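S.K.: What follows is my_file_0.tsv, made up of TSV, C-alpha atoms:
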chain	number	residue	atom	x	y	z
A	48	MET	CA	136.23	49.94	94.02
A	49	LYS	CA	134.36	52.24	91.65
A	50	LYS	CA	133.83	55.79	92.83
A	51	LEU	CA	130.94	58.14	92.30
A	52	SER	CA	131.69	61.38	90.48
A	53	PHE	CA	131.46	64.67	92.36
A	54	LEU	CA	128.03	65.35	90.83
A	55	GLU	CA	126.78	61.87	91.76
A	56	ARG	CA	128.02	62.29	95.34
A	57	LEU	CA	126.35	65.70	95.51
A	58	LYS	CA	123.07	64.24	94.26
A	59	ASN	CA	123.31	61.46	96.87
A	60	TRP	CA	124.03	63.99	99.64
A	61	LYS	CA	121.01	66.10	98.60
A	62	ARG	CA	118.83	62.98	98.61
A	63	LYS	CA	120.00	62.20	102.15
A	64	LEU	CA	119.09	65.71	103.32
A	65	ARG	CA	115.68	65.40	101.64
A	66	TRP	CA	115.00	62.04	103.36
A	67	ASP	CA	116.07	63.50	106.72
A	68	ARG	CA	113.60	66.36	106.24
A	69	GLN	CA	110.84	63.96	105.21
A	70	TYR	CA	111.38	61.66	108.19
A	71	LYS	CA	111.45	64.68	110.50
A	72	SER	CA	108.14	65.96	109.09
A	73	GLY	CA	106.46	62.54	109.50
A	74	ARG	CA	106.07	62.01	105.75
A	75	TRP	CA	106.92	58.29	106.08
A	76	ASP	CA	104.77	57.56	109.15
A	77	TYR	CA	102.22	55.87	106.88
A	78	LEU	CA	104.60	52.91	106.48
A	79	PHE	CA	103.25	51.66	109.82
A	80	ASP	CA	99.65	51.78	108.46
A	81	LYS	CA	97.49	48.84	107.42
A	82	GLU	CA	97.81	49.68	103.73
A	83	GLU	CA	101.51	48.69	103.81
A	84	GLU	CA	100.77	45.48	105.74
A	85	PRO	CA	100.76	43.10	102.72
A	86	ARG	CA	104.34	44.00	101.78
A	87	TYR	CA	105.64	43.43	105.30
A	88	THR	CA	103.58	40.25	105.61
A	89	GLY	CA	105.25	38.96	102.43
A	90	ILE	CA	108.74	39.70	103.78
A	91	ILE	CA	108.01	38.18	107.19
A	92	SER	CA	106.37	35.10	105.65
A	93	ALA	CA	109.54	34.47	103.63
A	94	ILE	CA	111.71	34.97	106.72
A	95	ASN	CA	109.65	32.46	108.72
A	96	ARG	CA	109.29	29.98	105.84
A	97	TYR	CA	113.01	29.66	105.11
A	98	THR	CA	114.73	30.20	108.48
A	99	LYS	CA	114.35	29.67	112.19
A	100	ASN	CA	115.67	32.20	114.71
A	101	PRO	CA	117.68	34.10	112.06
A	102	LYS	CA	120.20	36.91	112.16
A	103	ILE	CA	118.61	39.57	109.92
A	104	LEU	CA	120.18	42.54	108.12
A	105	ASP	CA	117.55	45.06	106.96
A	106	LEU	CA	118.96	47.44	104.33
A	107	GLY	CA	116.73	50.48	103.97
A	108	ALA	CA	115.31	50.01	107.48
A	109	GLY	CA	113.92	53.54	107.83
A	110	GLU	CA	112.21	53.91	111.19
A	111	GLY	CA	112.37	50.19	111.93
A	112	VAL	CA	109.00	49.20	110.49
A	113	LEU	CA	110.13	45.66	109.63
A	114	ARG	CA	111.55	45.17	113.14
A	115	PHE	CA	108.29	46.51	114.59
A	116	LYS	CA	106.25	44.08	112.46
A	117	LEU	CA	108.52	41.16	113.42
A	118	LYS	CA	107.83	41.95	117.06
A	119	THR	CA	104.06	42.30	116.62
A	120	THR	CA	103.87	38.98	114.73
A	121	LYS	CA	105.94	37.33	117.49
A	122	SER	CA	108.54	36.20	114.94
A	123	VAL	CA	111.62	34.81	116.68
A	124	VAL	CA	114.82	36.64	115.79
A	125	GLU	CA	118.31	35.85	117.07
A	126	TYR	CA	119.57	39.29	116.05
A	127	TYR	CA	118.45	42.18	113.85
A	128	CYS	CA	120.47	45.04	112.35
A	129	GLY	CA	118.69	47.87	110.54
A	130	VAL	CA	120.65	50.19	108.24
A	131	ASP	CA	119.50	53.45	106.66
A	132	PHE	CA	121.30	56.53	105.45
A	133	SER	CA	118.82	58.88	107.13
A	134	LYS	CA	120.05	59.73	110.62
A	135	VAL	CA	116.56	61.00	111.48
A	136	SER	CA	114.91	57.66	110.62
A	137	ILE	CA	117.52	55.73	112.60
A	138	ARG	CA	117.08	58.03	115.60
A	139	LYS	CA	113.32	57.30	115.47
A	140	ALA	CA	113.94	53.54	115.13
A	141	LYS	CA	116.23	53.50	118.18
A	142	LYS	CA	113.42	54.92	120.34
A	143	PHE	CA	111.65	51.55	120.18
A	144	ASN	CA	114.47	49.93	122.20
A	145	PHE	CA	113.96	46.58	120.47
A	146	GLU	CA	115.69	43.60	122.09
A	147	LYS	CA	118.53	41.88	120.22
A	148	SER	CA	118.62	44.75	117.72
A	149	LYS	CA	120.74	47.65	116.60
A	150	PHE	CA	120.31	50.43	114.05
A	151	ILE	CA	123.11	52.01	112.02
A	152	VAL	CA	123.32	55.15	109.88
A	153	ALA	CA	125.24	54.19	106.72
A	154	ASP	CA	125.26	54.78	102.97
A	155	LEU	CA	124.71	51.48	101.15
A	156	HIS	CA	127.11	52.59	98.41
A	157	TYR	CA	129.96	52.05	100.88
A	158	TYR	CA	128.55	50.01	103.77
A	159	THR	CA	130.11	46.66	104.64
A	160	PRO	CA	128.35	44.61	107.35
A	161	ASP	CA	130.55	43.67	110.30
A	162	GLN	CA	129.24	40.11	110.50
A	163	ASN	CA	127.44	37.43	108.48
A	164	TYR	CA	123.65	37.04	108.35
A	165	ASP	CA	121.08	34.33	107.67
A	166	ILE	CA	118.67	36.80	106.05
A	167	ILE	CA	119.43	40.04	104.21
A	168	VAL	CA	116.57	42.27	103.11
A	169	PHE	CA	116.87	45.05	100.53
A	170	ASN	CA	113.83	46.87	101.85
A	171	GLU	CA	112.82	49.35	99.14
A	172	ALA	CA	116.48	50.34	98.90
A	173	PHE	CA	118.17	48.69	95.92
A	174	TYR	CA	116.77	51.08	93.31
A	175	TYR	CA	118.30	54.05	95.14
A	176	ILE	CA	121.81	52.69	94.68
A	177	ASN	CA	123.64	54.38	91.81
A	178	HIS	CA	123.39	52.11	88.77
A	179	LYS	CA	127.15	51.89	88.18
A	180	LEU	CA	127.69	50.64	91.76
A	181	LYS	CA	124.76	48.19	91.97
A	182	SER	CA	126.87	45.10	91.08
A	183	GLU	CA	129.63	46.07	93.49
A	184	VAL	CA	127.18	46.72	96.34
A	185	LEU	CA	125.38	43.42	95.70
A	186	GLU	CA	128.70	41.50	95.73
A	187	ARG	CA	129.73	43.14	99.01
A	188	ILE	CA	126.37	42.36	100.63
A	189	LEU	CA	126.31	38.77	99.33
A	190	SER	CA	129.76	38.22	100.86
A	191	LYS	CA	128.07	38.72	104.26
A	192	LEU	CA	125.15	36.36	103.57
A	193	ASN	CA	125.71	32.85	104.92
A	194	ASP	CA	125.76	29.97	102.44
A	195	ASN	CA	122.13	28.87	101.97
A	196	GLY	CA	121.12	32.21	103.50
A	197	ILE	CA	118.11	34.08	102.13
A	198	LEU	CA	118.10	37.39	100.26
A	199	ILE	CA	114.72	39.15	100.16
A	200	VAL	CA	114.22	42.08	97.81
A	201	SER	CA	111.17	44.36	97.94
A	202	ILE	CA	110.83	46.95	95.17
A	203	PHE	CA	107.96	49.37	94.60
A	204	LYS	CA	106.23	48.80	91.24
A	205	GLU	CA	108.39	47.37	88.45
A	206	GLY	CA	111.87	48.26	89.70
A	207	GLU	CA	113.18	48.64	86.17
A	208	GLY	CA	116.94	48.28	85.93
A	209	CYS	CA	117.12	46.36	89.22
A	210	TRP	CA	115.89	42.80	88.88
A	211	ALA	CA	118.52	41.71	86.35
A	212	PHE	CA	121.19	42.06	89.05
A	213	PHE	CA	119.59	39.22	91.01
A	214	ASN	CA	119.98	36.77	88.09
A	215	HIS	CA	123.27	36.04	89.77
A	216	GLU	CA	125.35	32.85	89.62
A	217	ARG	CA	125.42	32.64	93.44
A	218	LEU	CA	121.64	33.06	93.82
A	219	GLU	CA	118.80	30.59	93.35
A	220	LYS	CA	115.40	32.23	92.84
A	221	LEU	CA	112.86	30.75	95.26
A	222	GLU	CA	109.92	33.15	94.85
A	223	PHE	CA	109.04	36.16	92.74
A	224	TYR	CA	105.60	37.76	92.80
A	225	ASN	CA	103.54	40.94	93.05
A	226	ILE	CA	102.01	42.16	96.30
A	227	GLU	CA	99.16	44.67	96.23
A	228	SER	CA	98.49	47.18	98.99
A	229	SER	CA	95.37	46.57	101.08
A	230	LYS	CA	93.55	49.21	99.01
A	231	GLY	CA	94.84	47.76	95.74
A	232	ASN	CA	96.05	51.16	94.56
A	233	ARG	CA	99.77	50.30	94.49
A	234	TYR	CA	101.98	47.24	94.37
A	235	TRP	CA	105.46	45.90	95.03
A	236	LYS	CA	107.49	43.08	93.56
A	237	LEU	CA	109.03	40.67	96.05
A	238	GLY	CA	111.95	38.43	95.15
A	239	VAL	CA	113.27	35.71	97.47
A	240	TYR	CA	116.63	34.10	96.71
A	241	ARG	CA	118.86	31.50	98.34
A	242	LYS	CA	122.64	31.93	98.27
A	243	LYS	CA	124.18	28.80	96.83
A	244	SER	CA	126.89	27.12	98.90
Would you mind writing the file out in C-alpha cells?

M.R.:
Amino acid sequence: MKKLSFLERLKNWKRKLRWDRQYKSGRWDYLFDKEEEPRYTGIISAINRYTKNPKILDLGAGEGVLRFKLKTTKSVVEYYCGVDFSKVSIRKAKKFNFEKSKFIVADLHYYTPDQNYDIIVFNEAFYYINHKLKSEVLERILSKLNDNGILIVSIFKEGEGCWAFFNHERLEKLEFYNIESSKGNRYWKLGVYRKKS
C-alpha cells in the first residue's frame, strides 16, 4: 500500500479540520436546497433504473443528503451506509435516525468497507483523494462492489484528472452526462458504470 508523505498527511488533516468547521457553521446546508436537486435526482434515477432494493455505500455522504433524498422520493433501500471524513457532518447525518442506515467517519484514503454493496456512489468525493492513491482507493472500493453492481460517480464541473481512472477493465460505462443546477449557474458530470462479472 502506498503511503502519503508527512506533508500530504498534514494537508489532508488540515482539510478535515476545515470541513469540520464548515459543517459546524452551516456552510454546506445549501446541499439540501432545490438548486442541488438535479444532481441528486440523477444519482437516484440511476440507482432506481439499475437496481431494486439495493445495499448502497455513499462515499462523501456529508450530512446524509443522498439518504434524505432517497427517503423523500420513497426509493426502496435494503441498507445504506454513508461515509465521510468530517465527524461534524456525520454527527448531523445521524440525527435523522434513518431506518436501515448507518453513518461512519472515515478517510477514503484508507477506508475498506466491511461488506459488499450493490451500489457504490462517489458523491463529490473522488477528486479529494490524493492523486497517487486514486488507483489504489478505486481498486479497494471496487473489491466491495458486487459483480454487476453499479458505481455512480458525481463530480463538480470537469473533474480533471479523475475520469480516466474509471476507464477501468472491470467497469462498463453505462451513462456519462452533464447535469445543470436548477438555476443553470453550475454543473456536475455524472458517470454510471457496471462492474463486470

S.K.: Tell me, as number ranges by chain, which residues lie within 12 Å of range 145-153 of chain A, counting all atoms listed in the file; anything in the same chain fewer than 4 positions away does not count.

M.R.: A: 63, 67, 100-119, 123-141, 157-161

S.K.: CA of Trp235 in chain A and CA of Val200 in chain A, how far apart in Å?

M.R.: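 If I compute the distance from CA of Val200 in chain A to CA of Trp235 in chain A, I get 10.0 Å.
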
S.K.: Which residues come within 9 Å of Tyr224 in chain A, counting all atoms listed in the file, excluding same-chain residues fewer than 6 positions away, as a list in words?

M.R.: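 That gives Trp235, Lys236, Leu237 and Gly238 of chain A.
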
S.K.: Let me see the file: selected residues, C-alpha atoms, as a PDB file, in the frame of the given file.

M.R.:
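This went into selection-v6.pdb:
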ATOM      1  CA  TRP A 235     105.460  45.900  95.030  1.00  0.00           C
ATOM      2  CA  LYS A 236     107.490  43.080  93.560  1.00  0.00           C
ATOM      3  CA  LEU A 237     109.030  40.670  96.050  1.00  0.00           C
ATOM      4  CA  GLY A 238     111.950  38.430  95.150  1.00  0.00           C
TER       5      GLY A 238
END

S.K.: From the options A:Asn144, A:Ser229, A:Asn59, A:Ser52, which residue's atoms come nearest to Ile176 in chain A, counting all atoms listed in the file?

M.R.: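 Among the listed residues, A:Asn59 lies closest to Ile176 in chain A.
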
S.K.: Starting from 6 Å padding per side, set up an axis-aligned box that covers all listed atoms of range 141-149 of chain A and hand over centre and edge lengths in Å, one decimal, as JSON.

M.R.:
{"center_x": 116.2, "center_y": 48.4, "center_z": 119.4, "size_x": 21.1, "size_y": 25.0, "size_z": 17.6}

S.K.: Could you pull the residues within 10 Å of Ser190 in chain A, counting all atoms listed in the file, minus those fewer than 5 positions along the same chain, as a ChimeraX atom specification?

M.R.: /A:159-160,162-164,184-185,242

S.K.: Please determine, counting all atoms listed in the file, which residue among A:Leu198, A:Leu64, A:Lys204, A:Ser122 has the shortest atom-to-atom distance to Glu227 in chain A.

M.R.: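 Closest candidate: A:Lys204.
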
S.K.: Between CA of Lys191 in chain A and CA of Asp165 in chain A, what is the distance, to one decimal in Å?

M.R.: 8.9 Å

S.K.: Between A:Tyr77, A:Ile90, A:Asn177, A:Ile167, which has the minimum distance to Lys58 in chain A (counting only C-alpha atoms)?

M.R.: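 Using only C-alpha atoms, Lys58 in chain A sits closest to A:Asn177.
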
S.K.: Measure the distance from CA of His156 in chain A to CA of Tyr87 in chain A in Å and round it to one decimal.

M.R.: 24.3 Å

S.K.: I'd like to know which of A:Tyr240, A:Tyr174, A:Phe212, A:Phe223 is closest to Glu186 in chain A, using only C-alpha atoms.

M.R.: A:Phe212

S.K.: Which residue is closest to Arg217 in chain A? Choose from A:Lys61, A:Lys243, A:Gly231, A:Asp194 and count all atoms listed in the file.

M.R.: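 Of the candidates, the smallest distance to Arg217 in chain A is held by A:Lys243.
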
S.K.: With all atoms listed in the file as the basis for distance, which of A:Phe143, A:Ile226, A:Tyr97, A:Arg233 is at the shortest distance from Ile197 in chain A?

M.R.: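 Of the candidates, the smallest distance to Ile197 in chain A is held by A:Tyr97.
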